[in-house]
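Enquirer: Below is one structure. I have some questions about it.
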Amino acid sequence: MAHLQQLLARFASGDVPAASRLMSVVERGGADAERVLDAVYPRTGRAHRIAVTGPGGAGKSTLINELTRSFRLEKKTVGVVAEDPSSPFSGGAVLGDRVRMTHASGDAGVFVRSLASRGNLEALSPLASDLADVLDAFGRDVVLLESMGASQVETRIRFSADTVVLVLTPESGDEIQSLKAGLLEVADVVAVNKADRSGAESLAKDIGAIMDLREAKSEWRPPVVMTSVRDAESSMKLLTAALRDHAAHLDDGQRRASRRRDALRARMQLRVEDAIRGAVWQSSILGRRFDAIFDRVTAGSVSPWQAARELAESLRLDARTSP
Amino acid sequence: MKRPIKVLIAKPGLDGHDRGAKVIANALRDAGMEVVYTGLHQTPEMIIEAAVQEDVDLVSVSVLSGAHMTLIPRIRELMNTSGLADVKLIAGGIIPDTDASELKRLPGVAGIFGPGTSTKDVITFIEQMFPGR
């Protein structure tokens, strides 16, 4: 506890190792993690958060590396949270996003943190947003969140950032139809990456056409930009211009505030659900009831769905009778 | 809650390939560890910076170039002066036995693994450094 206060004090004075240790405390979860998140919360909200998502191999890390350089040229400090998958079998992970972050090294204005997914099934775990909170409170002007390889349904990512950048490649062409509902709907900016390859232009046109259809019901028509590290400089000009446009759109009226309110609500709901889920399964009474009724399921005297209904109903009765 | 053992695997200097480092990275992952890999051509300063930002439990470097007697003491020294005094360092690569025993005498250099070391031995060594993790 005293140790935590010390770390928080060093954090407040801009100490990088302290920020890093606090992130580890948050990663480990539990009461100390809650303390850290409570302490940093009042300092959050200043950073522009940009989530970068898209299928594996689309070039997310590479684009983040180039974006980092662009923001540094504008003298903005940058934080990056990059998530990679954990093995469902060993629990281990190889976190390789730093390999592409060549512009980050040797620059105190850039802080890169890798994160293993640890069983989270979304493209970006709730923990990534918690770590982004720490970087935001640490005073980073821009926080970039790199998702794992994502496709179609991982749309919760919209709650983790002010701006969502979807990265696709010419090879994604055939998948566009299936992306129409889902990931493409939460994109604020689309980057067609590896644009030097054939098919890039027609893909960009197709996505533009989908976006135009949507424009009628939405205030923001996501720009589609073509990017390639072969021509990083002009690519980044296009991408950063699109990001600036989106930031200006958010700052016009109450859009940014309302988007952040929605995000906060979603994160808070998830917290409550997690807590309830944890409490339910920790309850030994429920465990005993579950085992008892599951015996009846395997004996064939009750269907699993009726058993589930009975268990849920018994919880409701518990809640009503408890003081 | 426990966090898996977090290891930074880095390639300092001018080595042209990182097959060995990748083999180790995969083996440690399969042993349930979280491995941050930095890629080739890292300076000691870049390695230290990554270790600080990632808050790793262990730094593991692979050197094939013959520059181990310069690079490894330099990395250890920078770790000590960058708030990573309590983080252990291990190394592997083409390191002759005589050099290995000299390097192992440096405080904070926990182990040196030469060619032919089995990944199992490395895993066991690391697991023994962090009992209960």
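For the structure tokens, the naming scheme is as follows: chains receive sequential letters (A, B, ...) according to their order of presentation, residues are indexed from 1 within each chain, and ligands are indexed from 1 in presentation order.
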List the spatial neighbours of Met226 in chain A as a ChimeraX atom specification - criterion: any atom at most 10 Å away, only C-alpha atoms, same-chain residues fewer than 6 positions off excluded.
Expert: /A:167-169,190-196,200-201,203-204,234-236,238-239
Enquirer: Compute the set of chain A residues within 6 Å of chain B, using only C-alpha atoms, and express it as a PyMOL selection string.
Expert: chain A and resi 17+20+28-29+90-96+98-99+105+113
Enquirer: Quick one: residues within 12 Å of range 36-45 of chain A, only C-alpha atoms counted, chain neighbours fewer than 3 positions away excluded, as a ChimeraX atom specification?
Expert: /A:1,3-9,11-12,18-19,21-33,48-49,127,129-143,161-162,256-257,259-261,263-264
Enquirer: What lies within 12 Å of Gly92 in chain B using only C-alpha atoms, ignoring chain neighbours under 2 positions off, as a PyMOL selection string?
Expert: chain B and resi 9-12+18+20-21+23-24+59-66+68+72+89-90+94-97+99-100+103-104+109-119+122
Enquirer: How about saving the chosen residues, C-alpha atoms kept, as a PDB file, in the first residue's frame?
Expert:
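After the write, selection.pdb holds the following:
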```
ATOM      1  CA  ILE B   9      14.124 -11.552 -25.767  1.00  0.00           C
ATOM      2  CA  ALA B  10      16.500  -9.237 -27.568  1.00  0.00           C
ATOM      3  CA  LYS B  11      19.154  -9.412 -30.249  1.00  0.00           C
ATOM      4  CA  PRO B  12      21.868  -6.850 -29.570  1.00  0.00           C
ATOM      5  CA  ASP B  18      17.479 -14.644 -35.214  1.00  0.00           C
ATOM      6  CA  GLY B  20      17.763 -19.196 -32.214  1.00  0.00           C
ATOM      7  CA  ALA B  21      16.017 -16.294 -30.513  1.00  0.00           C
ATOM      8  CA  VAL B  23      13.115 -20.900 -31.194  1.00  0.00           C
ATOM      9  CA  ILE B  24      13.590 -19.797 -27.579  1.00  0.00           C
ATOM     10  CA  VAL B  59      15.961 -10.061 -19.934  1.00  0.00           C
ATOM     11  CA  SER B  60      17.335 -12.677 -22.291  1.00  0.00           C
ATOM     12  CA  VAL B  61      19.768 -11.733 -25.032  1.00  0.00           C
ATOM     13  CA  SER B  62      21.112 -13.769 -27.914  1.00  0.00           C
ATOM     14  CA  VAL B  63      24.532 -12.952 -29.352  1.00  0.00           C
ATOM     15  CA  LEU B  64      26.063 -14.797 -32.291  1.00  0.00           C
ATOM     16  CA  SER B  65      28.472 -12.145 -33.483  1.00  0.00           C
ATOM     17  CA  GLY B  66      31.307 -12.664 -31.018  1.00  0.00           C
ATOM     18  CA  HIS B  68      29.289 -10.903 -26.190  1.00  0.00           C
ATOM     19  CA  ILE B  72      26.556  -8.413 -22.134  1.00  0.00           C
ATOM     20  CA  LEU B  89      19.825 -11.238 -17.253  1.00  0.00           C
ATOM     21  CA  ILE B  90      20.497 -14.443 -19.156  1.00  0.00           C
ATOM     22  CA  ILE B  94      27.928 -18.561 -29.674  1.00  0.00           C
ATOM     23  CA  ILE B  95      29.675 -18.030 -26.349  1.00  0.00           C
ATOM     24  CA  PRO B  96      32.830 -20.093 -25.580  1.00  0.00           C
ATOM     25  CA  ASP B  97      32.940 -21.793 -22.154  1.00  0.00           C
ATOM     26  CA  ASP B  99      33.883 -16.453 -21.702  1.00  0.00           C
ATOM     27  CA  ALA B 100      30.708 -17.945 -20.269  1.00  0.00           C
ATOM     28  CA  LEU B 103      30.296 -13.539 -17.703  1.00  0.00           C
ATOM     29  CA  LYS B 104      28.542 -15.643 -15.077  1.00  0.00           C
ATOM     30  CA  VAL B 109      24.003 -12.424 -14.924  1.00  0.00           C
ATOM     31  CA  ALA B 110      22.052 -15.516 -13.969  1.00  0.00           C
ATOM     32  CA  GLY B 111      22.944 -17.911 -16.762  1.00  0.00           C
ATOM     33  CA  ILE B 112      24.751 -18.337 -20.062  1.00  0.00           C
ATOM     34  CA  PHE B 113      23.551 -20.924 -22.551  1.00  0.00           C
ATOM     35  CA  GLY B 114      25.785 -22.041 -25.392  1.00  0.00           C
ATOM     36  CA  PRO B 115      25.071 -23.908 -28.618  1.00  0.00           C
ATOM     37  CA  GLY B 116      23.281 -27.210 -28.182  1.00  0.00           C
ATOM     38  CA  THR B 117      21.432 -26.209 -25.017  1.00  0.00           C
ATOM     39  CA  SER B 118      17.999 -27.815 -25.017  1.00  0.00           C
ATOM     40  CA  THR B 119      15.026 -25.490 -24.699  1.00  0.00           C
ATOM     41  CA  VAL B 122      16.362 -23.068 -20.398  1.00  0.00           C
TER      42      VAL B 122
END
```
Enquirer: So which bits of range 159-264 of chain A end up strand (DSSP E) when you DSSP the backbone, as an MDAnalysis selection string?
Expert: chainID A and resid 163:168 189:192 224:226
Enquirer: Which value, in Å to one decimal, gives the distance between CA of Glu83 in chain A and CA of Ala247 in chain A?
Expert: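 Taking CA of Glu83 in chain A and CA of Ala247 in chain A, their separation equals 24.0 Å.
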Enquirer: Measure the distance from CA of Ile157 in chain A to CA of Ala123 in chain A in Å and round it to one decimal.
Expert: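 If I compute the distance from CA of Ile157 in chain A to CA of Ala123 in chain A, I get 7.0 Å.
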Enquirer: CA of Leu311 in chain A to CA of Val272 in chain A: how many Å, to one decimal?
Expert: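 For CA of Leu311 in chain A relative to CA of Val272 in chain A, the distance reads 20.3 Å.
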Enquirer: Let's see if you can do this: from backbone DSSP, list all helix (DSSP H, G or I) residues in range 6-74 of chain B, as a ChimeraX atom specification.
Expert: /B:19-30,44-54,68-74
Enquirer: Hey, what's within 12 Å of Thr77 in chain A if we count only C-alpha atoms and toss same-chain stuff fewer than 2 positions away? As a PyMOL selection string, please?
Expert: chain A and resi 46-48+67-75+79-80+104+107-112+135-136+138-144
